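Participant: This one is coords_28.tsv, TSV, C-alpha atoms.
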```
chain	number	residue	atom	x	y	z
M	276	MET	CA	99.01	140.33	160.22
M	277	ASP	CA	98.36	142.40	163.35
M	278	THR	CA	101.58	144.31	163.81
M	279	GLU	CA	100.45	145.68	167.16
M	280	LYS	CA	100.23	142.15	168.51
M	281	ILE	CA	103.66	141.32	167.12
M	282	ALA	CA	105.12	144.43	168.73
M	283	ALA	CA	103.47	143.63	172.07
M	284	SER	CA	104.79	140.05	171.96
M	285	ALA	CA	108.25	141.28	171.06
M	286	ARG	CA	108.23	143.64	174.03
M	287	LYS	CA	107.17	140.83	176.37
M	288	ARG	CA	109.94	138.60	175.07
M	289	TYR	CA	112.44	141.43	175.46
M	290	ASN	CA	111.32	142.10	179.05
M	291	HIS	CA	111.51	138.43	179.90
M	292	GLN	CA	114.97	138.06	178.40
M	293	ILE	CA	116.27	141.11	180.26
M	294	SER	CA	114.76	139.86	183.53
M	295	ASN	CA	116.42	136.49	183.01
M	296	GLU	CA	119.79	138.10	182.34
M	297	LEU	CA	119.51	140.21	185.48
M	298	LEU	CA	118.53	137.14	187.48
M	299	GLN	CA	121.61	135.34	186.19
M	300	GLU	CA	123.84	138.25	187.12
M	301	LYS	CA	122.27	138.58	190.56
M	302	TYR	CA	122.89	134.95	191.49
M	303	THR	CA	126.30	134.71	189.84
M	304	ASN	CA	127.29	137.65	192.04
M	305	LEU	CA	126.02	135.81	195.10
M	306	LEU	CA	128.26	132.89	194.19
M	307	THR	CA	131.29	135.18	194.61
M	308	VAL	CA	132.45	134.97	198.19
M	309	ALA	CA	135.33	135.80	200.47
M	310	HIS	CA	136.93	132.91	202.33
M	311	GLN	CA	140.27	132.29	204.01
M	312	GLY	CA	141.73	135.54	202.74
M	313	GLY	CA	140.74	135.25	199.10
M	314	MET	CA	137.78	136.06	196.83
M	315	TRP	CA	136.28	133.11	194.94
M	316	ASN	CA	133.68	132.27	192.35
M	317	ILE	CA	132.00	129.12	193.62
M	318	THR	CA	131.62	126.91	190.56
M	319	PRO	CA	131.15	123.19	190.04
M	320	GLN	CA	134.76	123.10	188.84
M	321	LEU	CA	136.02	124.63	192.07
M	322	LEU	CA	133.92	122.25	194.12
M	323	GLY	CA	135.26	119.28	192.17
M	324	PHE	CA	138.84	120.45	192.64
M	325	LEU	CA	138.36	120.95	196.37
M	326	ALA	CA	136.77	117.52	196.70
M	327	GLN	CA	139.96	115.98	195.34
M	328	SER	CA	142.23	117.92	197.68
M	329	PRO	CA	142.55	116.32	201.12
M	330	THR	CA	144.75	118.98	202.75
M	331	LYS	CA	145.97	122.52	202.19
M	332	ARG	CA	146.65	123.78	198.70
M	333	VAL	CA	147.58	127.12	197.14
M	334	LEU	CA	144.90	128.43	194.79
M	335	CYS	CA	144.66	131.64	192.77
M	336	ASP	CA	141.59	133.64	193.66
M	337	ILE	CA	139.60	135.85	191.28
M	338	TYR	CA	142.26	138.56	191.55
M	339	ASN	CA	145.02	136.05	190.69
M	340	ILE	CA	146.38	136.30	194.20
M	341	PRO	CA	147.78	132.93	195.39
M	342	VAL	CA	146.08	131.96	198.65
M	343	GLU	CA	146.78	128.90	200.80
M	344	VAL	CA	143.46	127.32	201.69
M	345	ASP	CA	142.36	124.49	203.91
M	346	CYS	CA	140.55	122.52	201.23
M	347	PRO	CA	138.20	120.35	203.35
M	348	GLN	CA	137.08	123.43	205.31
M	349	PHE	CA	136.66	125.44	202.12
M	350	LEU	CA	134.74	122.59	200.48
M	351	GLU	CA	132.27	122.39	203.36
M	352	PHE	CA	131.62	126.13	203.24
M	353	ALA	CA	131.53	126.36	199.45
M	354	SER	CA	129.21	123.42	198.84
M	355	THR	CA	126.70	124.64	201.46
M	356	HIS	CA	126.77	128.13	200.03
M	357	TYR	CA	126.50	126.86	196.45
M	358	ASP	CA	123.45	124.73	197.22
M	359	SER	CA	121.72	127.57	199.05
M	360	ILE	CA	122.23	130.07	196.25
M	361	MET	CA	121.42	127.66	193.44
M	362	ASN	CA	118.17	126.63	195.13
M	363	GLN	CA	117.17	130.28	195.49
M	364	TRP	CA	118.07	130.88	191.84
M	365	HIS	CA	116.05	127.88	190.75
M	366	ASP	CA	113.00	129.03	192.72
M	367	GLU	CA	113.14	132.55	191.34
M	368	TYR	CA	113.73	131.28	187.80
M	369	LYS	CA	110.64	129.07	188.04
M	370	LYS	CA	108.57	132.08	189.19
M	371	LEU	CA	109.87	134.12	186.29
M	372	SER	CA	109.10	131.34	183.80
M	373	ARG	CA	105.52	131.13	185.08
M	374	GLN	CA	105.06	134.87	184.53
M	375	ARG	CA	105.92	134.41	180.88
J	248	MET	CA	137.96	147.04	214.36
J	249	LYS	CA	135.18	149.66	214.18
J	250	ARG	CA	133.12	149.46	211.01
J	251	GLY	CA	130.45	151.81	209.79
J	252	VAL	CA	128.81	153.69	206.95
J	253	VAL	CA	129.27	157.35	206.09
J	254	LEU	CA	126.79	159.36	204.05
J	255	PHE	CA	127.19	162.88	202.74
J	256	ALA	CA	124.04	165.02	202.76
J	257	HIS	CA	124.07	168.63	201.59
J	258	ASN	CA	120.69	169.95	200.52
J	259	ASN	CA	120.26	172.27	197.57
J	260	ASP	CA	117.22	174.17	196.32
J	261	THR	CA	115.67	171.16	194.63
J	262	THR	CA	116.77	168.07	196.54
J	263	ASN	CA	116.57	167.16	200.21
J	264	TYR	CA	119.62	164.91	200.49
J	265	TYR	CA	119.27	164.85	204.28
J	266	GLU	CA	115.88	163.13	204.06
J	267	MET	CA	117.32	160.71	201.53
J	268	ALA	CA	120.18	160.01	203.92
J	269	LYS	CA	117.75	159.24	206.74
J	270	TYR	CA	116.00	156.64	204.60
J	271	THR	CA	119.28	155.15	203.34
J	272	ALA	CA	120.55	154.98	206.92
J	273	SER	CA	117.45	153.10	208.02
J	274	ARG	CA	118.07	150.49	205.34
J	275	VAL	CA	121.75	150.27	206.27
J	276	ASN	CA	120.80	149.66	209.89
J	277	ARG	CA	118.28	147.04	208.87
J	278	PHE	CA	120.12	145.08	206.17
J	279	LEU	CA	123.77	145.63	207.08
J	280	ASP	CA	123.42	146.16	210.85
J	281	LEU	CA	126.01	148.94	210.75
J	282	PRO	CA	126.19	152.36	212.41
J	283	VAL	CA	125.76	155.37	210.13
J	284	THR	CA	127.45	158.74	210.33
J	285	VAL	CA	126.16	161.61	208.25
J	286	ILE	CA	128.43	164.44	207.13
J	287	THR	CA	126.27	167.46	206.52
J	288	ASP	CA	126.10	171.21	207.01
J	289	SER	CA	124.32	173.49	209.47
J	290	ASP	CA	121.55	174.33	206.96
J	291	SER	CA	120.75	170.71	206.11
J	292	GLY	CA	121.40	168.93	209.40
J	293	LYS	CA	119.00	168.56	212.31
J	294	ILE	CA	119.79	168.60	216.01
J	295	ASP	CA	117.40	165.75	216.60
J	296	HIS	CA	118.67	163.19	214.11
J	297	PRO	CA	118.38	159.40	213.71
J	298	PHE	CA	122.02	158.76	212.81
J	299	ASP	CA	124.63	157.28	215.11
J	300	SER	CA	126.61	160.47	214.68
J	301	GLN	CA	126.40	163.67	212.71
J	302	ILE	CA	129.37	165.77	211.57
J	303	ILE	CA	128.75	169.37	210.54
J	304	ILE	CA	131.10	170.90	208.00
J	305	SER	CA	131.06	174.03	205.85
J	306	PRO	CA	130.74	172.64	202.34
J	307	ASP	CA	132.13	174.05	199.13
J	308	ARG	CA	129.02	175.25	197.28
J	309	LEU	CA	130.74	176.21	194.03
J	310	ASN	CA	129.65	173.31	191.85
J	311	PHE	CA	126.70	173.18	189.47
J	312	ARG	CA	124.95	170.54	187.43
J	313	LYS	CA	122.34	171.64	184.90
J	314	LYS	CA	122.08	175.04	186.59
J	315	ASP	CA	121.35	173.50	190.00
J	316	SER	CA	123.80	173.74	192.84
J	317	TRP	CA	125.42	170.34	193.38
J	318	ILE	CA	127.26	170.27	196.68
J	319	ASN	CA	129.47	167.25	196.15
J	320	ARG	CA	132.93	168.63	196.73
J	321	GLY	CA	134.95	167.71	199.77
J	322	ARG	CA	134.41	163.95	199.86
J	323	TYR	CA	138.15	163.47	200.27
J	324	GLN	CA	137.63	164.66	203.85
J	325	VAL	CA	135.98	161.35	204.70
J	326	GLY	CA	139.45	159.90	205.12
J	327	GLU	CA	139.96	162.08	208.18
J	328	LEU	CA	136.38	162.66	209.32
J	329	SER	CA	135.18	159.06	209.41
J	330	PRO	CA	134.97	157.82	213.02
J	331	TYR	CA	135.47	154.20	211.88
J	332	ASP	CA	138.56	152.09	211.19
J	333	GLU	CA	136.83	150.60	208.16
J	334	THR	CA	134.33	152.80	206.36
J	335	LEU	CA	131.75	152.18	203.69
J	336	VAL	CA	130.87	155.43	201.92
J	337	LEU	CA	127.56	155.45	200.08
J	338	ASP	CA	125.68	157.94	197.98
J	339	THR	CA	122.39	158.82	199.64
J	340	ASP	CA	120.52	157.52	196.57
J	341	TYR	CA	121.98	154.03	196.84
J	342	LEU	CA	119.07	151.73	197.61
J	343	ILE	CA	120.04	148.79	199.82
J	344	ASN	CA	117.93	145.64	199.61
J	345	GLY	CA	120.14	142.97	201.12
J	346	ASN	CA	123.47	142.30	202.80
J	347	THR	CA	125.66	141.85	199.71
J	348	LEU	CA	127.73	144.92	200.61
J	349	LEU	CA	129.01	143.18	203.74
J	350	GLN	CA	131.30	141.30	201.37
J	351	ALA	CA	133.30	144.54	201.18
J	352	TRP	CA	134.78	143.95	204.64
J	353	ASP	CA	136.36	140.66	203.56
J	354	MET	CA	138.00	141.96	200.41
J	355	PRO	CA	141.77	142.11	200.78
J	356	SER	CA	142.44	145.58	199.34
J	357	ASP	CA	142.42	148.64	201.62
J	358	PHE	CA	140.30	150.51	199.07
J	359	VAL	CA	137.52	149.03	196.93
J	360	CYS	CA	135.03	150.63	194.59
J	361	PHE	CA	132.96	149.71	191.55
J	362	ARG	CA	134.67	149.70	188.16
J	363	HIS	CA	131.95	148.06	186.10
J	364	CYS	CA	128.36	149.20	185.92
J	365	LYS	CA	125.08	148.39	184.23
J	366	TYR	CA	122.21	150.72	183.37
J	367	LEU	CA	118.94	148.80	183.70
J	368	LEU	CA	116.68	148.97	180.63
J	369	ASP	CA	119.25	151.13	178.94
J	370	ASP	CA	121.92	150.23	176.43
J	371	THR	CA	124.10	153.18	177.36
J	372	PRO	CA	127.69	151.99	177.01
J	373	ALA	CA	129.97	152.19	180.00
J	374	GLU	CA	131.12	155.74	180.56
J	375	CYS	CA	134.76	156.52	179.90
J	376	LEU	CA	136.84	159.46	180.96
J	377	GLY	CA	138.16	161.97	178.52
J	378	ILE	CA	140.24	161.62	175.42
J	379	TYR	CA	142.07	158.53	176.67
J	380	GLN	CA	138.76	156.73	177.30
J	381	LEU	CA	139.77	155.59	180.76
J	382	PRO	CA	137.18	153.37	182.46
J	383	ILE	CA	135.37	155.26	185.21
J	384	MET	CA	135.76	154.23	188.83
J	385	TRP	CA	132.46	154.89	190.54
J	386	ALA	CA	132.44	156.92	193.75
J	387	THR	CA	128.83	155.86	194.46
J	388	VAL	CA	129.99	153.13	196.84
J	389	PHE	CA	133.48	152.62	198.17
J	390	ARG	CA	135.05	151.02	201.21
J	391	PHE	CA	138.36	152.03	202.72
J	392	ARG	CA	140.59	151.29	205.65
J	393	LYS	CA	142.75	154.00	207.18
J	394	THR	CA	146.16	153.17	205.71
J	395	PRO	CA	148.99	155.23	204.18
J	396	ARG	CA	147.82	154.28	200.69
J	397	THR	CA	144.24	155.43	201.25
J	398	ARG	CA	145.55	158.68	202.72
J	399	GLN	CA	147.42	159.15	199.44
J	400	ILE	CA	144.24	158.41	197.48
J	401	PHE	CA	142.25	161.03	199.39
J	402	HIS	CA	145.10	163.52	199.11
J	403	MET	CA	145.08	162.93	195.36
J	404	ILE	CA	141.30	163.41	195.17
J	405	LYS	CA	141.73	166.71	196.99
J	406	MET	CA	144.44	167.72	194.51
J	407	VAL	CA	142.21	166.90	191.56
J	408	GLN	CA	139.31	168.85	193.08
J	409	GLU	CA	141.45	171.90	193.75
J	410	ASN	CA	143.00	171.79	190.28
J	411	TYR	CA	140.02	170.51	188.32
J	412	ASN	CA	140.65	172.78	185.32
J	413	HIS	CA	144.19	171.50	185.05
J	414	TYR	CA	143.17	167.85	185.14
J	415	SER	CA	140.30	168.45	182.73
J	416	ASN	CA	142.86	169.86	180.30
J	417	ILE	CA	145.19	166.87	180.70
J	418	TYR	CA	142.49	164.24	180.37
J	419	GLN	CA	140.27	166.33	178.05
J	420	PHE	CA	136.89	166.15	179.77
J	421	GLN	CA	134.37	168.93	180.34
J	422	GLN	CA	135.22	170.99	183.40
J	423	TYR	CA	131.95	172.76	184.11
J	424	THR	CA	130.71	170.25	186.70
J	425	TYR	CA	132.98	168.65	189.28
J	426	ARG	CA	132.43	164.90	189.49
J	427	ASN	CA	133.70	162.67	192.26
J	428	ASP	CA	133.81	159.72	189.84
J	429	TYR	CA	136.33	161.55	187.68
J	430	ALA	CA	138.40	162.62	190.66
J	431	LEU	CA	138.42	159.07	192.04
J	432	THR	CA	139.38	157.60	188.66
J	433	ILE	CA	142.32	159.97	188.29
J	434	ALA	CA	143.40	159.56	191.92
J	435	LEU	CA	143.35	155.75	191.88
J	436	ARG	CA	145.31	155.58	188.65
J	437	THR	CA	147.85	158.16	189.78
J	438	VAL	CA	148.49	156.43	193.10
J	439	ALA	CA	148.85	153.10	191.28
J	440	GLY	CA	151.37	154.47	188.81
J	441	GLN	CA	148.80	154.69	185.98
J	442	LEU	CA	148.10	150.99	186.25
J	443	GLU	CA	144.96	149.25	187.41
J	444	ASN	CA	144.88	147.10	190.52
J	445	VAL	CA	141.95	144.72	189.96
J	446	ALA	CA	141.82	143.88	193.66
J	447	ASP	CA	140.58	147.47	194.19
J	448	TYR	CA	137.29	146.66	192.43
J	449	PHE	CA	134.14	144.96	193.61
J	450	PRO	CA	133.82	141.73	191.63
J	451	HIS	CA	130.32	142.57	190.38
J	452	ARG	CA	128.68	145.49	188.56
J	453	LEU	CA	127.08	148.58	190.01
J	454	TRP	CA	123.46	148.63	188.87
J	455	HIS	CA	122.09	152.04	187.91
J	456	ILE	CA	118.46	152.95	187.46
J	457	PRO	CA	119.00	155.61	184.78
J	458	PRO	CA	117.23	158.97	185.07
J	459	GLN	CA	114.84	158.13	182.23
J	460	ALA	CA	113.64	154.96	183.95
J	461	LYS	CA	111.27	154.72	186.89
J	462	ILE	CA	111.53	152.37	189.84
J	463	THR	CA	108.36	151.56	191.76
J	464	ARG	CA	108.12	149.57	194.97
J	465	ILE	CA	106.17	146.30	194.82
J	466	GLY	CA	107.31	144.76	198.08
J	467	ASP	CA	109.82	145.49	200.80
J	468	THR	CA	112.78	144.60	198.58
J	469	SER	CA	110.99	144.07	195.26
J	470	TYR	CA	110.55	146.67	192.58
J	471	GLU	CA	109.27	147.22	189.10
J	472	VAL	CA	111.63	149.12	186.81
J	473	SER	CA	110.01	150.65	183.76
J	474	LYS	CA	111.15	152.68	180.83
J	475	ASP	CA	108.96	153.49	177.85
J	476	ALA	CA	106.98	150.33	177.12
J	477	HIS	CA	109.36	148.00	178.97
J	478	ARG	CA	108.91	146.63	182.47
J	479	ILE	CA	111.03	144.28	184.55
J	480	HIS	CA	111.01	143.16	188.15
J	481	ILE	CA	114.03	143.05	190.43
J	482	SER	CA	114.29	141.88	194.02
J	483	ASP	CA	116.87	141.70	196.79
J	484	VAL	CA	119.53	143.62	194.85
J	485	ASP	CA	121.12	146.98	195.64
J	486	VAL	CA	120.67	149.67	193.01
J	487	HIS	CA	121.74	153.26	192.45
J	488	VAL	CA	118.66	155.37	191.70
J	489	MET	CA	119.89	158.25	189.60
J	490	ASN	CA	116.58	160.15	189.59
J	491	LYS	CA	116.49	161.85	193.00
J	492	ASN	CA	112.74	162.59	192.83
J	493	ASN	CA	112.10	158.91	192.10
J	494	TYR	CA	114.22	157.95	195.11
J	495	MET	CA	112.22	160.30	197.34
J	496	GLU	CA	109.01	158.56	196.19
J	497	LEU	CA	110.43	155.28	197.48
J	498	THR	CA	111.03	156.71	200.93
J	499	VAL	CA	107.33	157.26	201.56
```
Once you've parsed the file, please lay out its structure as structure tokens.
Facilitator:
Amino acid sequence: MDTEKIAASARKRYNHQISNELLQEKYTNLLTVAHQGGMWNITPQLLGFLAQSPTKRVLCDIYNIPVEVDCPQFLEFASTHYDSIMNQWHDEYKKLSRQR
Amino acid sequence: MKRGVVLFAHNNDTTNYYEMAKYTASRVNRFLDLPVTVITDSDSGKIDHPFDSQIIISPDRLNFRKKDSWINRGRYQVGELSPYDETLVLDTDYLINGNTLLQAWDMPSDFVCFRHCKYLLDDTPAECLGIYQLPIMWATVFRFRKTPRTRQIFHMIKMVQENYNHYSNIYQFQQYTYRNDYALTIALRTVAGQLENVADYFPHRLWHIPPQAKITRIGDTSYEVSKDAHRIHISDVDVHVMNKNNYMELTV
């Protein structure tokens, strides 16, 4: 067995894994936004909750500070932002996968 | 509400922080669209400068790191010297590649800094302060508004600087080199009654390029980071380049 080849493959896998982790962190950070006086992680769960809320509600932001938000307004902003970031993430992930 | 960026640039025998500041300022102008003020000294500063404003001070030169002069004392003065209502203070080796930092203006706290960090291609665990292993608050990037609380924070940083031996004895860390990160950590905790206020922290991690790694430009905001046999690519993210010579290579 060619140990040099194994070592080289292992390094490539390591580099790819690290790159993927950094990509995940980069885009997760971009999904953290400020809106209506609070800081939020835009997640599918948050979007689903907002979609069910027709008026204003008090939500705890990422710092556990209760913030009254206009849910329809927040939903419009959050879903647009989420789609934009996730599309960028998807595109960059595909590029990274091709490099491997 | 006037907003802007402040950089400190005091050259020593080995590093031209003023040139680094010029490059950092150009990226701030470009990606954050913010004015930049440089706080420097008469030896480092230039009459004909590219900054929005330049403040000349007489720095405290009595700090050393690995036998080199490290002129990093006096940062507490930014609370008074900054010409802005809201100020983002950056290290001159903080490489900006996007507008993520603009998020700082919308954060509710009057003082925000990084608490968590990551060393790329390095498994170095997060640094802790002294015998009590307090998590370090990073002075690399912080944003403040001029409020009574932030005045207390800067006053506390000044107190730590002026009594560094005393605080190094209390917290049991090495006292040879003054570090702004240590002073900021102690000041924030003291002002908060030895508690942590999570709203004072950026929600994401500060990315460091460690001194043993090398960052090479591939595109305008894309880089290869390499260390030993490992190579990764990063793009459109801000990073703190700890190797000053490496940072100077990027400015070319």
Participant: Hey, could you make a per-residue contact list for chain J against chain M with 7 Å as the cut-off, showing the nearest pair of atoms and its distance in Å to one decimal, counting all atoms listed in the file, sorted by chain and number, as a Markdown table?
Facilitator:
```
| residue | atom | partner | partner_atom | distance |
| --- | --- | --- | --- | --- |
| J:Gln350 | CA | M:Ala309 | CA | 6.9 |
| J:Asp353 | CA | M:Ala309 | CA | 5.9 |
| J:Met354 | CA | M:Ala309 | CA | 6.7 |
| J:Pro355 | CA | M:Gly312 | CA | 6.9 |
| J:Val445 | CA | M:Tyr338 | CA | 6.4 |
| J:Ala446 | CA | M:Tyr338 | CA | 5.7 |
| J:His451 | CA | M:Asn304 | CA | 6.0 |
| J:His477 | CA | M:Asn290 | CA | 6.2 |
| J:Arg478 | CA | M:Asn290 | CA | 6.2 |
| J:Ile479 | CA | M:Ser294 | CA | 5.9 |
| J:His480 | CA | M:Ser294 | CA | 6.8 |
```
Participant: How far is it from atom CA of J:Leu497 to atom CA of J:Thr463, in Å with one decimal?
Facilitator: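 Distance between the two atoms: 7.1 Å.
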Participant: Nearest to J:Ala476: which of J:Leu368, J:Leu342, J:Met384, J:Val499 is it, counting all atoms listed in the file?
Facilitator: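 Checking each of J:Leu368, J:Leu342, J:Met384, J:Val499 against J:Ala476, counting all atoms listed in the file, the winner is J:Leu368.
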Participant: Considering only C-alpha atoms, state which residue in the set J:Thr397, J:Asn344, J:Ser356, J:Gln441 is at the smallest distance from J:Ile481.
Facilitator: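 With only C-alpha atoms as the atom set, the closest residue is J:Asn344.
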Participant: Could you state the separation of atom CA of J:Arg464 and atom CA of J:Pro282 in Å, given to one decimal place?
Facilitator: 25.3 Å
Participant: Grab the atom CA of J:Val285 to atom CA of J:Ile302 distance for me, in Å with one decimal place.
Facilitator: 6.2 Å
Participant: Which residues, written as a PyMOL selection string, have at least one atom at most 9 Å from J:Val325, with all atoms listed in the file counted and residues fewer than 5 positions away on the same chain left out?
Facilitator: chain J and resi 253+286+334+336+401
Participant: From the set M:Ser354, M:Asn362, M:Arg288, M:Pro341, which residue has the shortest atom-to-atom contact distance to M:Leu321, counting all atoms listed in the file?
Facilitator: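 Checking each candidate against M:Leu321, we get M:Ser354 as the closest.
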Participant: Could you name the residues that touch M:Pro319 at 12 Å or less, counting all atoms listed in the file, but leaving out those on the same chain fewer than 2 positions away, as a VMD selection string?
Facilitator: chain M and resid 306 316 to 317 321 to 326 350 353 to 354 356 to 358 361
Participant: Got a sec to check which residues sit within 10 Å of (144.7, 157.9, 206.9), counting only C-alpha atoms, and write them as JSON, numbers by chain?
Facilitator: {"J": [325, 326, 327, 328, 329, 332, 391, 392, 393, 394, 395, 396, 397, 398, 399, 400, 401, 402]}
Participant: Go ahead and dump the residues you just picked, C-alpha atoms, as a CSV table (one decimal), keeping the file's coordinate frame.
Facilitator:
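This went into out39.csv:
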```
chain,number,residue,atom,x,y,z
J,325,VAL,CA,136.0,161.4,204.7
J,326,GLY,CA,139.4,159.9,205.1
J,327,GLU,CA,140.0,162.1,208.2
J,328,LEU,CA,136.4,162.7,209.3
J,329,SER,CA,135.2,159.1,209.4
J,332,ASP,CA,138.6,152.1,211.2
J,391,PHE,CA,138.4,152.0,202.7
J,392,ARG,CA,140.6,151.3,205.6
J,393,LYS,CA,142.8,154.0,207.2
J,394,THR,CA,146.2,153.2,205.7
J,395,PRO,CA,149.0,155.2,204.2
J,396,ARG,CA,147.8,154.3,200.7
J,397,THR,CA,144.2,155.4,201.2
J,398,ARG,CA,145.6,158.7,202.7
J,399,GLN,CA,147.4,159.2,199.4
J,400,ILE,CA,144.2,158.4,197.5
J,401,PHE,CA,142.2,161.0,199.4
J,402,HIS,CA,145.1,163.5,199.1
```
Participant: Using all atoms listed in the file, which of J:Arg320, J:Arg312, J:Lys293, J:His257 sits nearest J:Tyr423?
Facilitator: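 Using all atoms listed in the file, J:Tyr423 sits closest to J:Arg312.
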Participant: Quick one: residues within 12 Å of stretch 299-301 of chain J, all atoms listed in the file counted, chain neighbours fewer than 4 positions away excluded, as a PyMOL selection string?
Facilitator: chain J and resi 251-256+265+268-269+272-273+275-276+280-289+291-295+328-331
Participant: Which neighbours of J:Ile404 fall inside 12 Å, counting all atoms listed in the file, when residues of the same chain fewer than 6 positions from it are skipped, and could you give them as a tab-separated table (two decimals) with C-alpha atoms, in the coordinates of the input?
Facilitator:
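Below is the file that was written, around.tsv:
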```tsv
chain	number	residue	atom	x	y	z
J	320	ARG	CA	132.93	168.63	196.73
J	321	GLY	CA	134.95	167.71	199.77
J	322	ARG	CA	134.41	163.95	199.86
J	323	TYR	CA	138.15	163.47	200.27
J	324	GLN	CA	137.63	164.66	203.85
J	325	VAL	CA	135.98	161.35	204.70
J	326	GLY	CA	139.45	159.90	205.12
J	386	ALA	CA	132.44	156.92	193.75
J	397	THR	CA	144.24	155.43	201.25
J	398	ARG	CA	145.55	158.68	202.72
J	410	ASN	CA	143.00	171.79	190.28
J	411	TYR	CA	140.02	170.51	188.32
J	414	TYR	CA	143.17	167.85	185.14
J	425	TYR	CA	132.98	168.65	189.28
J	426	ARG	CA	132.43	164.90	189.49
J	427	ASN	CA	133.70	162.67	192.26
J	428	ASP	CA	133.81	159.72	189.84
J	429	TYR	CA	136.33	161.55	187.68
J	430	ALA	CA	138.40	162.62	190.66
J	431	LEU	CA	138.42	159.07	192.04
J	432	THR	CA	139.38	157.60	188.66
J	433	ILE	CA	142.32	159.97	188.29
J	434	ALA	CA	143.40	159.56	191.92
J	435	LEU	CA	143.35	155.75	191.88
J	436	ARG	CA	145.31	155.58	188.65
J	437	THR	CA	147.85	158.16	189.78
J	438	VAL	CA	148.49	156.43	193.10
```
Participant: Pick out the residues sitting within 9 Å of J:Asp369, and hand them over as a PyMOL selection string; count all atoms listed in the file, and ignore anything fewer than 5 positions along from it in its own chain.
Facilitator: chain J and resi 456-457+459-460+474
